[in-house]
Amino acid sequence: MTTPTWDEPGGPMPSEDFRAATQAIMANIEQVIEGKGATVRLALAVLLAEGHLLIEDVPGVGKTKLAKALARSIDCSVRRIQFTPDLLPSDVTGVSVYNQETRDFEFKPGAVFANLVVGDEINRASPKTQSALLECMEERQVTVDGTTYELQAPFMVIATQNPIEMEGTYPLPEAQRDRFTARIAMGYPDPRAELAMLGGHGAHDPLNDLRAVADAALVRRLIATVRDVHAADAVQQYAIALVTATREAPEIRLGASPRSTLQLLRTAKAVAALEGRDYVLPDDLQALAVPVLAHRIIPTADAQLNRRTTDAIVSEIVHRLPLPHDRARSPYDTRATGNGNGSNQYEPRGR
């Protein structure tokens, strides 16, 4: 049996089966992560969008625990890399070792040869080691000593980093950040969730009891289902308009790349599927603009002096940019029109 490639993820699933499978994965993760349903949903959406996730927040809020919980919820190969200053690129990608018995070099796979790769504190490794992830994250392959090795599907990198403590760290270069589909922050839990955490985590770590509720084959079918989600021309044009606005904003020195447009639309398809729709709304793009675009842009020096965050800049762009005028209904939308005249227009969303 050949390993499925990214062009052969498997057959799509019926909507009922898709919903049951995704709900089971999210419920499994929420046994460990208290009160962060939206964050869990976005992390799963990035997986189904064939992307990679960067979790950036202060220490102790559950960044690594979320990554581990997602990995353990899926019965597939998982590798964890603790990024340190002395980590070598060969530790990530692998190395060719001379075998004296066969008198030939044989390849020893590195940590990226897994379905889910958890990279803890990614910014503590040197830029040389960080660059070892560039090829595998974008092309789903690894090249060592002139030989290319394909990675198994699904493949996802979940990396964490601490944005506060900068001693002994190496900021991720733009090329590396652009390969992460979304950047999320865990945030502090509310008092009720923190109280539940004390009761559930005080004497025992529930992560140890977590059991897989899906496997790699099922995830490939979930991905195929997301690929079939419809995005109308007006929605695609709106995605391009959002990304173009980041390139033209006076507060931004470097706007989002064309890769971000593609990943924004893919993630919107995944979110639409998780919400039970087989079509994308402009509202999906608006909700995802900050986590998908903000980490890819570089503000100007004046914006940095004024303490303008990239999240705030992208959020203002979303509110300033008008929604598509021709918000034609998807041909897959079976909802009643609601106005009785057969019009296929979405009701405008209130501001």
# chains A, B, ... in the order shown; residues from 1 in each chain; ligands from 1
$ select_by_dssp --residues "segment 49-120 of chain A" --states "helix (DSSP H, G or I)" --output "VMD selection string"
chain A and resid 63 to 72 89 to 93
$ write_last_selection --atoms "N, CA and C atoms" --output "PDB file, in the first residue's frame"
ATOM      1  N   LYS A  63       0.201  26.252  26.188  1.00  0.00           N
ATOM      2  CA  LYS A  63       0.557  26.179  24.767  1.00  0.00           C
ATOM      3  C   LYS A  63       0.948  24.756  24.377  1.00  0.00           C
ATOM      4  N   THR A  64       1.922  24.196  25.083  1.00  0.00           N
ATOM      5  CA  THR A  64       2.386  22.853  24.764  1.00  0.00           C
ATOM      6  C   THR A  64       1.308  21.817  25.048  1.00  0.00           C
ATOM      7  N   LYS A  65       0.508  22.038  26.068  1.00  0.00           N
ATOM      8  CA  LYS A  65      -0.550  21.083  26.413  1.00  0.00           C
ATOM      9  C   LYS A  65      -1.593  21.007  25.306  1.00  0.00           C
ATOM     10  N   LEU A  66      -1.933  22.160  24.699  1.00  0.00           N
ATOM     11  CA  LEU A  66      -2.864  22.146  23.573  1.00  0.00           C
ATOM     12  C   LEU A  66      -2.279  21.360  22.408  1.00  0.00           C
ATOM     13  N   ALA A  67      -1.013  21.593  22.099  1.00  0.00           N
ATOM     14  CA  ALA A  67      -0.367  20.870  21.003  1.00  0.00           C
ATOM     15  C   ALA A  67      -0.345  19.367  21.280  1.00  0.00           C
ATOM     16  N   LYS A  68      -0.025  18.974  22.502  1.00  0.00           N
ATOM     17  CA  LYS A  68       0.011  17.550  22.849  1.00  0.00           C
ATOM     18  C   LYS A  68      -1.385  16.937  22.811  1.00  0.00           C
ATOM     19  N   ALA A  69      -2.388  17.698  23.292  1.00  0.00           N
ATOM     20  CA  ALA A  69      -3.750  17.162  23.316  1.00  0.00           C
ATOM     21  C   ALA A  69      -4.265  16.916  21.904  1.00  0.00           C
ATOM     22  N   LEU A  70      -3.975  17.832  20.985  1.00  0.00           N
ATOM     23  CA  LEU A  70      -4.378  17.632  19.592  1.00  0.00           C
ATOM     24  C   LEU A  70      -3.657  16.435  18.999  1.00  0.00           C
ATOM     25  N   ALA A  71      -2.376  16.306  19.292  1.00  0.00           N
ATOM     26  CA  ALA A  71      -1.598  15.189  18.754  1.00  0.00           C
ATOM     27  C   ALA A  71      -2.094  13.852  19.291  1.00  0.00           C
ATOM     28  N   ARG A  72      -2.423  13.795  20.585  1.00  0.00           N
ATOM     29  CA  ARG A  72      -2.856  12.526  21.181  1.00  0.00           C
ATOM     30  C   ARG A  72      -4.290  12.171  20.796  1.00  0.00           C
ATOM     31  N   PRO A  89      20.405  21.109  12.521  1.00  0.00           N
ATOM     32  CA  PRO A  89      19.439  20.832  11.450  1.00  0.00           C
ATOM     33  C   PRO A  89      19.247  19.342  11.197  1.00  0.00           C
ATOM     34  N   SER A  90      20.322  18.557  11.328  1.00  0.00           N
ATOM     35  CA  SER A  90      20.203  17.115  11.103  1.00  0.00           C
ATOM     36  C   SER A  90      19.333  16.443  12.161  1.00  0.00           C
ATOM     37  N   ASP A  91      19.230  17.046  13.354  1.00  0.00           N
ATOM     38  CA  ASP A  91      18.337  16.494  14.365  1.00  0.00           C
ATOM     39  C   ASP A  91      16.879  16.635  13.945  1.00  0.00           C
ATOM     40  N   VAL A  92      16.606  17.603  13.086  1.00  0.00           N
ATOM     41  CA  VAL A  92      15.243  17.862  12.629  1.00  0.00           C
ATOM     42  C   VAL A  92      14.934  17.058  11.369  1.00  0.00           C
ATOM     43  N   THR A  93      15.820  17.137  10.375  1.00  0.00           N
ATOM     44  CA  THR A  93      15.530  16.523   9.080  1.00  0.00           C
ATOM     45  C   THR A  93      16.022  15.081   8.978  1.00  0.00           C
TER      46      THR A  93
END
$ select_by_dssp --residues "segment 165-248 of chain A" --states "strand (DSSP E or B)" --output "PyMOL selection string"
chain A and resi 182-184+214-215+230
$ closest_residue --among "A:Asn28, A:Ser15, A:Gln141, A:Gln100" --to "Leu207 of chain A" --atoms "only C-alpha atoms"
A:Asn28
$ residues_around --residues "Ala287 of chain A" --least-positions-apart "3" --cutoff "12 Å" --atoms "only C-alpha atoms" --output "list in words"
Ala38, Leu42, Ala239, Leu242, Leu264, Leu265, Thr267, Ala268, Val271, Ala272, Val280, Leu281, Pro282, Asp283, Asp284, Val290, Pro291, Val292, Leu293, Val314, Ser315, Val318 and His319 of chain A
$ closest_residue --among "A:Met137, A:Ile297, A:Met156, A:Leu222" --to "Ala273 of chain A" --atoms "only C-alpha atoms"
A:Leu222
$ closest_residue --among "A:Lys36, A:Arg320, A:His295, A:Arg183" --to "Leu254 of chain A" --atoms "only C-alpha atoms"
A:His295
$ atom_distance --atom1 "atom CA of Ala256 of chain A" --atom2 "atom CA of Asp311 of chain A"
12.9 Å
$ atom_distance --atom1 "atom CA of Gln237 of chain A" --atom2 "atom CA of Leu274 of chain A"
22.6 Å
$ closest_atom_pairs --of "segment 162-222 of chain A" --to "segment 44-61 of chain A" --cutoff "7 Å" --atoms "only C-alpha atoms" --output "Markdown table"
| residue | atom | partner | partner_atom | distance |
| --- | --- | --- | --- | --- |
| A:Asn162 | CA | A:Asp57 | CA | 5.4 |
| A:Pro163 | CA | A:Asp57 | CA | 6.2 |
| A:Ile164 | CA | A:Val58 | CA | 6.4 |
| A:Phe180 | CA | A:His52 | CA | 4.9 |
| A:Thr181 | CA | A:His52 | CA | 5.2 |
| A:Ala182 | CA | A:Leu53 | CA | 5.4 |
| A:Arg183 | CA | A:Leu54 | CA | 4.7 |
| A:Ile184 | CA | A:Ile55 | CA | 5.1 |
| A:Ala185 | CA | A:Asp57 | CA | 5.3 |
| A:Met186 | CA | A:Val61 | CA | 6.3 |
| A:Gly187 | CA | A:Val61 | CA | 6.6 |
| A:Tyr188 | CA | A:Val61 | CA | 6.3 |
| A:Leu222 | CA | A:Leu48 | CA | 6.6 |
$ write_last_selection --atoms "N, CA, C and O atoms" --output "compact mmCIF listing (two decimals), in the first residue's frame"
# COMPACT_ATOMS: atom_id res chain seq x y z
N ASN A 162 7.45 31.89 23.25
CA ASN A 162 7.15 32.86 24.29
C ASN A 162 7.54 34.25 23.77
O ASN A 162 8.71 34.50 23.52
N PRO A 163 6.57 35.18 23.60
CA PRO A 163 6.91 36.49 23.05
C PRO A 163 7.45 37.47 24.07
O PRO A 163 7.81 38.60 23.71
N ILE A 164 7.49 37.09 25.34
CA ILE A 164 7.89 38.02 26.39
C ILE A 164 9.37 37.91 26.70
O ILE A 164 10.12 38.87 26.64
N PHE A 180 3.54 29.49 8.62
CA PHE A 180 2.52 29.13 9.61
C PHE A 180 1.18 29.69 9.17
O PHE A 180 1.04 30.89 8.95
N THR A 181 0.20 28.81 9.04
CA THR A 181 -1.10 29.24 8.56
C THR A 181 -1.75 30.23 9.51
O THR A 181 -2.33 31.23 9.07
N ALA A 182 -1.66 29.99 10.80
CA ALA A 182 -2.30 30.87 11.77
C ALA A 182 -1.44 30.97 13.02
O ALA A 182 -0.69 30.05 13.36
N ARG A 183 -1.57 32.11 13.68
CA ARG A 183 -0.95 32.32 14.98
C ARG A 183 -2.06 32.57 15.99
O ARG A 183 -2.92 33.44 15.77
N ILE A 184 -2.04 31.83 17.07
CA ILE A 184 -3.07 32.00 18.09
C ILE A 184 -2.41 32.24 19.43
O ILE A 184 -1.22 31.92 19.63
N ALA A 185 -3.16 32.82 20.34
CA ALA A 185 -2.73 33.02 21.71
C ALA A 185 -3.73 32.34 22.62
O ALA A 185 -4.94 32.44 22.42
N MET A 186 -3.24 31.65 23.63
CA MET A 186 -4.12 30.93 24.54
C MET A 186 -4.89 31.90 25.43
O MET A 186 -6.10 31.77 25.62
N GLY A 187 -4.20 32.88 25.98
CA GLY A 187 -4.84 33.79 26.92
C GLY A 187 -5.05 33.15 28.28
O GLY A 187 -5.04 31.93 28.43
N TYR A 188 -5.26 34.01 29.28
CA TYR A 188 -5.51 33.49 30.62
C TYR A 188 -6.93 32.94 30.70
O TYR A 188 -7.86 33.48 30.11
N LEU A 222 -11.32 13.88 6.32
CA LEU A 222 -11.80 15.18 6.77
C LEU A 222 -11.21 16.30 5.90
O LEU A 222 -11.91 17.26 5.54
$ residues_around --residues "Ile122 of chain A" --least-positions-apart "6" --cutoff "12 Å" --atoms "only C-alpha atoms" --output "ChimeraX atom specification"
/A:53-56,64,80-85,87,92,129-133,157-163,168-173,176-177
$ write_last_selection --atoms "N, CA and C atoms" --output "compact mmCIF listing (two decimals), in the first residue's frame"
# COMPACT_ATOMS: atom_id res chain seq x y z
N LEU A 53 0.49 25.52 12.68
CA LEU A 53 -0.02 26.39 13.73
C LEU A 53 1.12 26.89 14.61
N LEU A 54 1.10 28.20 14.87
CA LEU A 54 2.06 28.83 15.78
C LEU A 54 1.27 29.32 17.01
N ILE A 55 1.61 28.78 18.17
CA ILE A 55 0.95 29.17 19.42
C ILE A 55 1.91 30.07 20.18
N GLU A 56 1.54 31.33 20.31
CA GLU A 56 2.43 32.33 20.91
C GLU A 56 1.74 32.97 22.10
N THR A 64 1.92 24.20 25.08
CA THR A 64 2.39 22.85 24.76
C THR A 64 1.31 21.82 25.05
N ARG A 80 8.00 15.03 19.09
CA ARG A 80 8.17 16.31 19.79
C ARG A 80 9.62 16.72 19.72
N ILE A 81 9.85 17.99 19.38
CA ILE A 81 11.20 18.54 19.32
C ILE A 81 11.30 19.67 20.33
N GLN A 82 12.22 19.55 21.27
CA GLN A 82 12.49 20.65 22.19
C GLN A 82 13.60 21.49 21.58
N PHE A 83 13.24 22.65 21.06
CA PHE A 83 14.22 23.50 20.39
C PHE A 83 15.13 24.16 21.41
N THR A 84 16.41 23.98 21.23
CA THR A 84 17.44 24.53 22.10
C THR A 84 18.54 25.14 21.23
N PRO A 85 19.38 26.01 21.79
CA PRO A 85 20.44 26.62 20.98
C PRO A 85 21.40 25.64 20.35
N LEU A 87 20.62 22.62 19.17
CA LEU A 87 19.95 21.70 18.25
C LEU A 87 20.48 21.89 16.83
N VAL A 92 16.61 17.60 13.09
CA VAL A 92 15.24 17.86 12.63
C VAL A 92 14.93 17.06 11.37
N THR A 129 19.04 26.14 12.31
CA THR A 129 18.17 25.00 12.64
C THR A 129 16.72 25.31 12.28
N GLN A 130 16.28 26.53 12.50
CA GLN A 130 14.93 26.91 12.12
C GLN A 130 14.68 26.71 10.62
N SER A 131 15.71 27.01 9.83
CA SER A 131 15.56 26.90 8.38
C SER A 131 15.38 25.46 7.92
N ALA A 132 15.69 24.49 8.79
CA ALA A 132 15.50 23.09 8.42
C ALA A 132 14.02 22.75 8.24
N LEU A 133 13.13 23.58 8.79
CA LEU A 133 11.70 23.34 8.66
C LEU A 133 11.09 23.96 7.41
N VAL A 157 2.88 20.94 11.56
CA VAL A 157 3.82 21.43 12.55
C VAL A 157 3.07 22.35 13.50
N ILE A 158 3.14 22.03 14.79
CA ILE A 158 2.55 22.87 15.83
C ILE A 158 3.70 23.39 16.67
N ALA A 159 3.99 24.68 16.56
CA ALA A 159 5.12 25.26 17.25
C ALA A 159 4.64 26.23 18.33
N THR A 160 5.41 26.33 19.40
CA THR A 160 5.11 27.28 20.46
C THR A 160 6.29 28.23 20.63
N GLN A 161 5.98 29.43 21.09
CA GLN A 161 7.04 30.35 21.45
C GLN A 161 6.52 31.36 22.47
N ASN A 162 7.45 31.89 23.25
CA ASN A 162 7.15 32.86 24.29
C ASN A 162 7.54 34.25 23.77
N PRO A 163 6.57 35.18 23.60
CA PRO A 163 6.91 36.49 23.05
C PRO A 163 7.45 37.47 24.07
N GLY A 168 18.28 34.89 24.89
CA GLY A 168 18.66 33.59 24.36
C GLY A 168 17.73 33.06 23.29
N THR A 169 16.98 33.93 22.61
CA THR A 169 16.07 33.49 21.56
C THR A 169 16.46 34.13 20.23
N TYR A 170 15.96 33.55 19.16
CA TYR A 170 16.19 34.04 17.80
C TYR A 170 14.82 34.28 17.16
N PRO A 171 14.47 35.53 16.89
CA PRO A 171 13.15 35.79 16.31
C PRO A 171 12.97 35.04 14.98
N LEU A 172 11.77 34.53 14.78
CA LEU A 172 11.50 33.81 13.54
C LEU A 172 11.58 34.76 12.35
N PRO A 173 12.31 34.39 11.30
CA PRO A 173 12.36 35.25 10.11
C PRO A 173 11.02 35.25 9.39
N GLN A 176 9.89 32.08 7.67
CA GLN A 176 9.42 31.04 8.58
C GLN A 176 8.00 31.34 9.08
N ARG A 177 7.76 32.60 9.47
CA ARG A 177 6.43 32.96 9.98
C ARG A 177 5.37 32.84 8.89
$ closest_residue --among "A:Arg259, A:Arg41, A:Arg277, A:Arg220" --to "Arg179 of chain A" --atoms "only C-alpha atoms"
A:Arg259
